[in-house]
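Colleague: One structure coming up, written as structure tokens, with questions to follow.
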Amino acid sequence: MRLNKYIAQAGLASRRKADEITLNGNVKINGVTVKELGYDVKDGDVVSVNGITIKSQQSKIYLMLNKPKGYITSLKDEKDRLVVTSLLTDIEERLYPIGRLDYDTSGLLLITNDGELANKLAHPKHGVPKTYRARVMGIISNERLAALRNGVDIGGFVTSKAGVKLIRQANNYAVVEITIKEGRNRQIRKMFSAVGNKVVELERIAVGELYVGRLKEGHYRKLTKDEVEYLMKI
């Protein structure tokens, strides 16, 4: 967040007055005087004005986005690929995704400016369940389903028990819902590969008890009060 906005949201002064205070040398960031008007206050920065530490009263925003394939879960990309935050066309605040979804995976992605909640939900120790719907090539036998449920080796790491449900089996493909509490890189794809099925389409449909439902790809909505409270509890 720009420094003048940070000071203004702390209720200390208008943005214009905040610029004057900064230019006068009355603002310190992490104990160092800053006169740069365009300074971007980052998470963890300690801002003080005239020796008094202030804190922005920035309102917290909690969004659910249905991420399309072809977007990366990042704020920027050195390869100029599309980023998920570019879909937030009418949001001025600086937001960031909770966790990640692969470039070629679609579905539910939570986005916020609440760093404390984001860190909690993303940390593996909390084991927040995430449910995916995978379309895989070939026949998926009961033995393969059992292996996925009990844990498979995905390259030096054996996955924990998972919830697995066969939704549809056709001649040359199957649709499976799978719930995991881990978040290894491309874990779902690696799990199916370990039992002999290639994932051709993957969508995350739920995080905990929050479901993407009928939210269209590329669209987003604000979480309800009950949904935010639920995330706080888990």
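Each chain of the structure tokens is named A, B, ... in the order shown, its residues numbered from 1; ligands are numbered from 1 in display order.
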List the neighbours of stretch 88-101 of chain A out to 6 Å using only C-alpha atoms; skip same-chain residues closer than 2 positions along the sequence, and give me the result as a PyMOL selection string.

Modeller: chain A and resi 73+85-86+110-113+118+122

Colleague: May I have the residues from that selection written out with N, CA and C atoms, as a PDB file, in the first residue's frame?

Modeller:
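The new file out12.pdb reads:
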ATOM      1  N   THR A  73      -1.211 -18.279 -10.272  1.00  0.00           N
ATOM      2  CA  THR A  73      -1.590 -17.770  -8.956  1.00  0.00           C
ATOM      3  C   THR A  73      -0.451 -16.931  -8.413  1.00  0.00           C
ATOM      4  N   THR A  85      -4.907 -11.957 -10.298  1.00  0.00           N
ATOM      5  CA  THR A  85      -5.350 -10.664  -9.782  1.00  0.00           C
ATOM      6  C   THR A  85      -5.797  -9.722 -10.901  1.00  0.00           C
ATOM      7  N   SER A  86      -5.424 -10.019 -12.138  1.00  0.00           N
ATOM      8  CA  SER A  86      -5.885  -9.183 -13.258  1.00  0.00           C
ATOM      9  C   SER A  86      -7.386  -9.361 -13.505  1.00  0.00           C
ATOM     10  N   LEU A 110      -9.299 -18.624  -3.046  1.00  0.00           N
ATOM     11  CA  LEU A 110      -9.635 -17.561  -2.095  1.00  0.00           C
ATOM     12  C   LEU A 110      -8.587 -16.458  -2.188  1.00  0.00           C
ATOM     13  N   ILE A 111      -9.045 -15.219  -2.137  1.00  0.00           N
ATOM     14  CA  ILE A 111      -8.163 -14.058  -2.282  1.00  0.00           C
ATOM     15  C   ILE A 111      -8.514 -13.038  -1.206  1.00  0.00           C
ATOM     16  N   THR A 112      -7.493 -12.440  -0.592  1.00  0.00           N
ATOM     17  CA  THR A 112      -7.745 -11.534   0.529  1.00  0.00           C
ATOM     18  C   THR A 112      -6.602 -10.550   0.704  1.00  0.00           C
ATOM     19  N   ASN A 113      -6.788  -9.597   1.618  1.00  0.00           N
ATOM     20  CA  ASN A 113      -5.690  -8.750   2.089  1.00  0.00           C
ATOM     21  C   ASN A 113      -5.449  -8.981   3.572  1.00  0.00           C
ATOM     22  N   ALA A 118      -4.580 -15.582   5.719  1.00  0.00           N
ATOM     23  CA  ALA A 118      -3.981 -16.238   4.564  1.00  0.00           C
ATOM     24  C   ALA A 118      -2.868 -17.185   4.985  1.00  0.00           C
ATOM     25  N   ALA A 122      -3.023 -21.330   4.599  1.00  0.00           N
ATOM     26  CA  ALA A 122      -2.060 -21.914   3.671  1.00  0.00           C
ATOM     27  C   ALA A 122      -1.071 -22.846   4.363  1.00  0.00           C
TER      28      ALA A 122
END

Colleague: Name the residues in contact with stretch 8-24 of chain A at a cut-off of 8 Å, using only C-alpha atoms, excluding same-chain residues fewer than 2 positions from it; report them as a list of chain:residue names.

Modeller: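 Counting only C-alpha atoms, the residues come to A:Asn4, A:Lys5, A:Tyr6, A:Asn26, A:Val27, A:Val34, A:Lys35, A:Glu36, A:Leu37, A:Ile54, A:Lys55, A:Ser56, A:Gln57, A:Gln58.
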
Colleague: Under the rule of at most 9 Å, produce a per-residue listing of stretch 36-143 of chain A near stretch 165-171 of chain A: chain, number, name, the closest pair of atoms, and the distance in Å, as JSON lines, using only C-alpha atoms.

Modeller:
{"residue": "A:Arg133", "atom": "CA", "partner": "A:Ile167", "partner_atom": "CA", "distance": 8.9}
{"residue": "A:Gly138", "atom": "CA", "partner": "A:Asn171", "partner_atom": "CA", "distance": 7.2}
{"residue": "A:Ile139", "atom": "CA", "partner": "A:Gln169", "partner_atom": "CA", "distance": 7.0}
{"residue": "A:Ile140", "atom": "CA", "partner": "A:Gln169", "partner_atom": "CA", "distance": 7.7}

Colleague: If you keep C-alpha atoms, can you produce a file of those selected residues as a short mmCIF file (atom, residue, chain, number, x, y, z; two decimals), in the first residue's frame?

Modeller:
data_model
loop_
_atom_site.label_atom_id
_atom_site.label_comp_id
_atom_site.auth_asym_id
_atom_site.auth_seq_id
_atom_site.Cartn_x
_atom_site.Cartn_y
_atom_site.Cartn_z
CA ARG A 133 -12.85 -32.97 -9.55
CA GLY A 138 -8.65 -44.76 -18.99
CA ILE A 139 -10.34 -47.09 -16.56
CA ILE A 140 -9.84 -46.48 -12.86
#

Colleague: Here is a test: counting only C-alpha atoms, which residue of A:Asn30, A:Ser59, A:Asn66, A:Gln187 is nearest to A:Asp45?

Modeller: A:Asn30

Colleague: What does the structure give for the distance between atom CA of A:Lys225 and atom CA of A:Leu63, in Å to one decimal?

Modeller: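 We find that atom CA of A:Lys225 and atom CA of A:Leu63 lie 11.4 Å from each other.
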
Colleague: Which residues of stretch 62-176 of chain A sit at most 8 Å from stretch 191-206 of chain A, using only C-alpha atoms? Give each one's shortest atom pair and distance in Å (one decimal place), in chain and ascending residue order, as a Markdown table.

Modeller:
| residue | atom | partner | partner_atom | distance |
| --- | --- | --- | --- | --- |
| A:Asp104 | CA | A:Leu202 | CA | 7.8 |
| A:Thr105 | CA | A:Leu202 | CA | 5.3 |
| A:Ser106 | CA | A:Glu203 | CA | 4.7 |
| A:Gly107 | CA | A:Arg204 | CA | 4.5 |
| A:Leu108 | CA | A:Arg204 | CA | 5.5 |
| A:Lys130 | CA | A:Ala206 | CA | 5.7 |
| A:Thr131 | CA | A:Ala206 | CA | 5.0 |
| A:Tyr132 | CA | A:Arg204 | CA | 4.2 |
| A:Arg133 | CA | A:Glu203 | CA | 5.3 |
| A:Ala134 | CA | A:Leu202 | CA | 4.6 |
| A:Arg135 | CA | A:Glu201 | CA | 5.1 |
| A:Val136 | CA | A:Val199 | CA | 4.3 |
| A:Met137 | CA | A:Lys198 | CA | 5.4 |
| A:Gly138 | CA | A:Asn197 | CA | 6.5 |
| A:Ile139 | CA | A:Asn197 | CA | 7.8 |
| A:Ile140 | CA | A:Asn197 | CA | 7.2 |
| A:Arg144 | CA | A:Val195 | CA | 5.8 |
| A:Ala147 | CA | A:Val195 | CA | 7.4 |
| A:Leu148 | CA | A:Met191 | CA | 6.9 |
| A:Val152 | CA | A:Met191 | CA | 6.4 |
| A:Asp153 | CA | A:Ala194 | CA | 6.9 |
| A:Ile154 | CA | A:Met191 | CA | 6.1 |

Colleague: Let me see the file: selected residues, C-alpha atoms, as a PDB file, in the first residue's frame.

Modeller:
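Once everything was written out, this is selection13.pdb:
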ATOM      1  CA  ASP A 104      -3.575 -25.547 -16.006  1.00  0.00           C
ATOM      2  CA  THR A 105      -5.959 -26.099 -13.081  1.00  0.00           C
ATOM      3  CA  SER A 106      -9.224 -24.207 -12.683  1.00  0.00           C
ATOM      4  CA  GLY A 107     -11.558 -23.669  -9.782  1.00  0.00           C
ATOM      5  CA  LEU A 108     -11.965 -22.157  -6.351  1.00  0.00           C
ATOM      6  CA  LYS A 130      -9.468 -29.184  -0.484  1.00  0.00           C
ATOM      7  CA  THR A 131     -11.711 -31.059  -2.916  1.00  0.00           C
ATOM      8  CA  TYR A 132     -10.964 -31.491  -6.614  1.00  0.00           C
ATOM      9  CA  ARG A 133     -12.853 -32.972  -9.553  1.00  0.00           C
ATOM     10  CA  ALA A 134     -10.487 -34.719 -11.938  1.00  0.00           C
ATOM     11  CA  ARG A 135     -11.153 -36.107 -15.408  1.00  0.00           C
ATOM     12  CA  VAL A 136      -8.608 -38.843 -16.048  1.00  0.00           C
ATOM     13  CA  MET A 137      -7.792 -41.056 -18.994  1.00  0.00           C
ATOM     14  CA  GLY A 138      -8.650 -44.765 -18.995  1.00  0.00           C
ATOM     15  CA  ILE A 139     -10.340 -47.093 -16.557  1.00  0.00           C
ATOM     16  CA  ILE A 140      -9.839 -46.480 -12.862  1.00  0.00           C
ATOM     17  CA  ARG A 144      -6.564 -47.829  -7.911  1.00  0.00           C
ATOM     18  CA  ALA A 147      -4.561 -46.906  -3.405  1.00  0.00           C
ATOM     19  CA  LEU A 148      -5.476 -43.230  -3.744  1.00  0.00           C
ATOM     20  CA  VAL A 152       0.598 -43.303  -2.833  1.00  0.00           C
ATOM     21  CA  ASP A 153       4.251 -42.494  -3.415  1.00  0.00           C
ATOM     22  CA  ILE A 154       4.535 -39.412  -5.616  1.00  0.00           C
TER      23      ILE A 154
END

Colleague: Rounded to one decimal, what separation in Å do you get between atom CA of A:Asp43 and atom CA of A:Gly218?

Modeller: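 These atoms are spaced 27.4 Å apart.
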
Colleague: Could you list, as a ChimeraX atom specification, every residue within 9 Å of A:Leu223, counting only C-alpha atoms and ignoring same-chain residues fewer than 6 positions away?

Modeller: /A:61-64

Colleague: May I have the selected residues written with N, CA and C atoms, as a JSON list (two decimals), in the first residue's frame?

Modeller:
[["chain", "number", "residue", "atom", "x", "y", "z"],
["A", 61, "ILE", "N", -10.80, -7.61, 3.02],
["A", 61, "ILE", "CA", -11.59, -8.08, 1.88],
["A", 61, "ILE", "C", -11.35, -9.57, 1.71],
["A", 62, "TYR", "N", -12.44, -10.31, 1.51],
["A", 62, "TYR", "CA", -12.36, -11.76, 1.34],
["A", 62, "TYR", "C", -13.17, -12.14, 0.09],
["A", 63, "LEU", "N", -12.48, -12.69, -0.89],
["A", 63, "LEU", "CA", -13.13, -13.02, -2.16],
["A", 63, "LEU", "C", -12.99, -14.50, -2.48],
["A", 64, "MET", "N", -13.97, -15.01, -3.24],
["A", 64, "MET", "CA", -13.87, -16.32, -3.86],
["A", 64, "MET", "C", -13.83, -16.10, -5.37]]

Colleague: Got a sec to tell me which of stretch 64-134 of chain A DSSP assigns to strand (DSSP E), as a PDB file with N, CA and C atoms, in the first residue's frame?

Modeller:
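As written to disk, result.pdb reads:
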ATOM      1  N   MET A  64     -13.967 -15.005  -3.238  1.00  0.00           N
ATOM      2  CA  MET A  64     -13.867 -16.317  -3.856  1.00  0.00           C
ATOM      3  C   MET A  64     -13.827 -16.103  -5.370  1.00  0.00           C
ATOM      4  N   LEU A  65     -12.787 -16.620  -6.007  1.00  0.00           N
ATOM      5  CA  LEU A  65     -12.621 -16.510  -7.457  1.00  0.00           C
ATOM      6  C   LEU A  65     -12.700 -17.899  -8.076  1.00  0.00           C
ATOM      7  N   ASN A  66     -13.397 -18.005  -9.197  1.00  0.00           N
ATOM      8  CA  ASN A  66     -13.359 -19.240  -9.981  1.00  0.00           C
ATOM      9  C   ASN A  66     -12.285 -19.057 -11.044  1.00  0.00           C
ATOM     10  N   LYS A  67     -11.100 -19.527 -10.732  1.00  0.00           N
ATOM     11  CA  LYS A  67      -9.932 -19.321 -11.597  1.00  0.00           C
ATOM     12  C   LYS A  67     -10.044 -20.147 -12.881  1.00  0.00           C
ATOM     13  N   TYR A  96      -4.031 -10.698  -2.411  1.00  0.00           N
ATOM     14  CA  TYR A  96      -3.161 -11.796  -2.821  1.00  0.00           C
ATOM     15  C   TYR A  96      -3.885 -13.121  -2.567  1.00  0.00           C
ATOM     16  N   PRO A  97      -3.558 -14.136  -3.370  1.00  0.00           N
ATOM     17  CA  PRO A  97      -4.241 -15.421  -3.254  1.00  0.00           C
ATOM     18  C   PRO A  97      -3.816 -16.172  -1.995  1.00  0.00           C
ATOM     19  N   SER A 106      -8.208 -25.240 -12.896  1.00  0.00           N
ATOM     20  CA  SER A 106      -9.224 -24.207 -12.683  1.00  0.00           C
ATOM     21  C   SER A 106      -9.871 -24.401 -11.314  1.00  0.00           C
ATOM     22  N   GLY A 107     -10.753 -23.475 -10.968  1.00  0.00           N
ATOM     23  CA  GLY A 107     -11.558 -23.669  -9.782  1.00  0.00           C
ATOM     24  C   GLY A 107     -11.390 -22.656  -8.675  1.00  0.00           C
ATOM     25  N   LEU A 108     -11.826 -23.053  -7.496  1.00  0.00           N
ATOM     26  CA  LEU A 108     -11.965 -22.157  -6.351  1.00  0.00           C
ATOM     27  C   LEU A 108     -10.617 -21.683  -5.822  1.00  0.00           C
ATOM     28  N   LEU A 109     -10.496 -20.368  -5.759  1.00  0.00           N
ATOM     29  CA  LEU A 109      -9.305 -19.735  -5.197  1.00  0.00           C
ATOM     30  C   LEU A 109      -9.767 -18.612  -4.281  1.00  0.00           C
ATOM     31  N   LEU A 110      -9.299 -18.624  -3.046  1.00  0.00           N
ATOM     32  CA  LEU A 110      -9.635 -17.561  -2.095  1.00  0.00           C
ATOM     33  C   LEU A 110      -8.587 -16.458  -2.188  1.00  0.00           C
ATOM     34  N   ILE A 111      -9.045 -15.219  -2.137  1.00  0.00           N
ATOM     35  CA  ILE A 111      -8.163 -14.058  -2.282  1.00  0.00           C
ATOM     36  C   ILE A 111      -8.514 -13.038  -1.206  1.00  0.00           C
ATOM     37  N   THR A 112      -7.493 -12.440  -0.592  1.00  0.00           N
ATOM     38  CA  THR A 112      -7.745 -11.534   0.529  1.00  0.00           C
ATOM     39  C   THR A 112      -6.602 -10.550   0.704  1.00  0.00           C
ATOM     40  N   LYS A 130      -9.176 -29.770   0.825  1.00  0.00           N
ATOM     41  CA  LYS A 130      -9.468 -29.184  -0.484  1.00  0.00           C
ATOM     42  C   LYS A 130      -9.967 -30.300  -1.396  1.00  0.00           C
ATOM     43  N   THR A 131     -11.074 -30.045  -2.077  1.00  0.00           N
ATOM     44  CA  THR A 131     -11.711 -31.059  -2.916  1.00  0.00           C
ATOM     45  C   THR A 131     -11.574 -30.693  -4.390  1.00  0.00           C
ATOM     46  N   TYR A 132     -11.176 -31.672  -5.180  1.00  0.00           N
ATOM     47  CA  TYR A 132     -10.964 -31.491  -6.614  1.00  0.00           C
ATOM     48  C   TYR A 132     -11.832 -32.466  -7.402  1.00  0.00           C
ATOM     49  N   ARG A 133     -12.206 -32.061  -8.605  1.00  0.00           N
ATOM     50  CA  ARG A 133     -12.853 -32.972  -9.553  1.00  0.00           C
ATOM     51  C   ARG A 133     -11.892 -33.173 -10.720  1.00  0.00           C
ATOM     52  N   ALA A 134     -11.482 -34.404 -10.908  1.00  0.00           N
ATOM     53  CA  ALA A 134     -10.487 -34.719 -11.938  1.00  0.00           C
ATOM     54  C   ALA A 134     -11.107 -35.585 -13.027  1.00  0.00           C
TER      55      ALA A 134
END

Colleague: Nearest to A:Leu87: which of A:Val164, A:Leu75, A:Leu121, A:Val128 is it, counting only C-alpha atoms?

Modeller: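 Looking only at the distances to A:Leu87, the closest residue turns out to be A:Leu75.
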
Colleague: Set the distance at 7 Å and use only C-alpha atoms: which residues neighbour A:Tyr103 once local chain neighbours fewer than 3 positions away are removed? I'd like the list as an MDAnalysis selection string.

Modeller: chainID A and resid 69:72

Colleague: When DSSP is applied to the backbone of this structure, which of stretch 40-141 of chain A are assigned alpha helix (DSSP H)? Write them out as a list in words.

Modeller: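 DSSP-assigned alpha helix (DSSP H) residues in stretch 40-141 of chain A: Gly115, Glu116, Leu117, Ala118, Asn119, Lys120, Leu121 and Ala122 of chain A.
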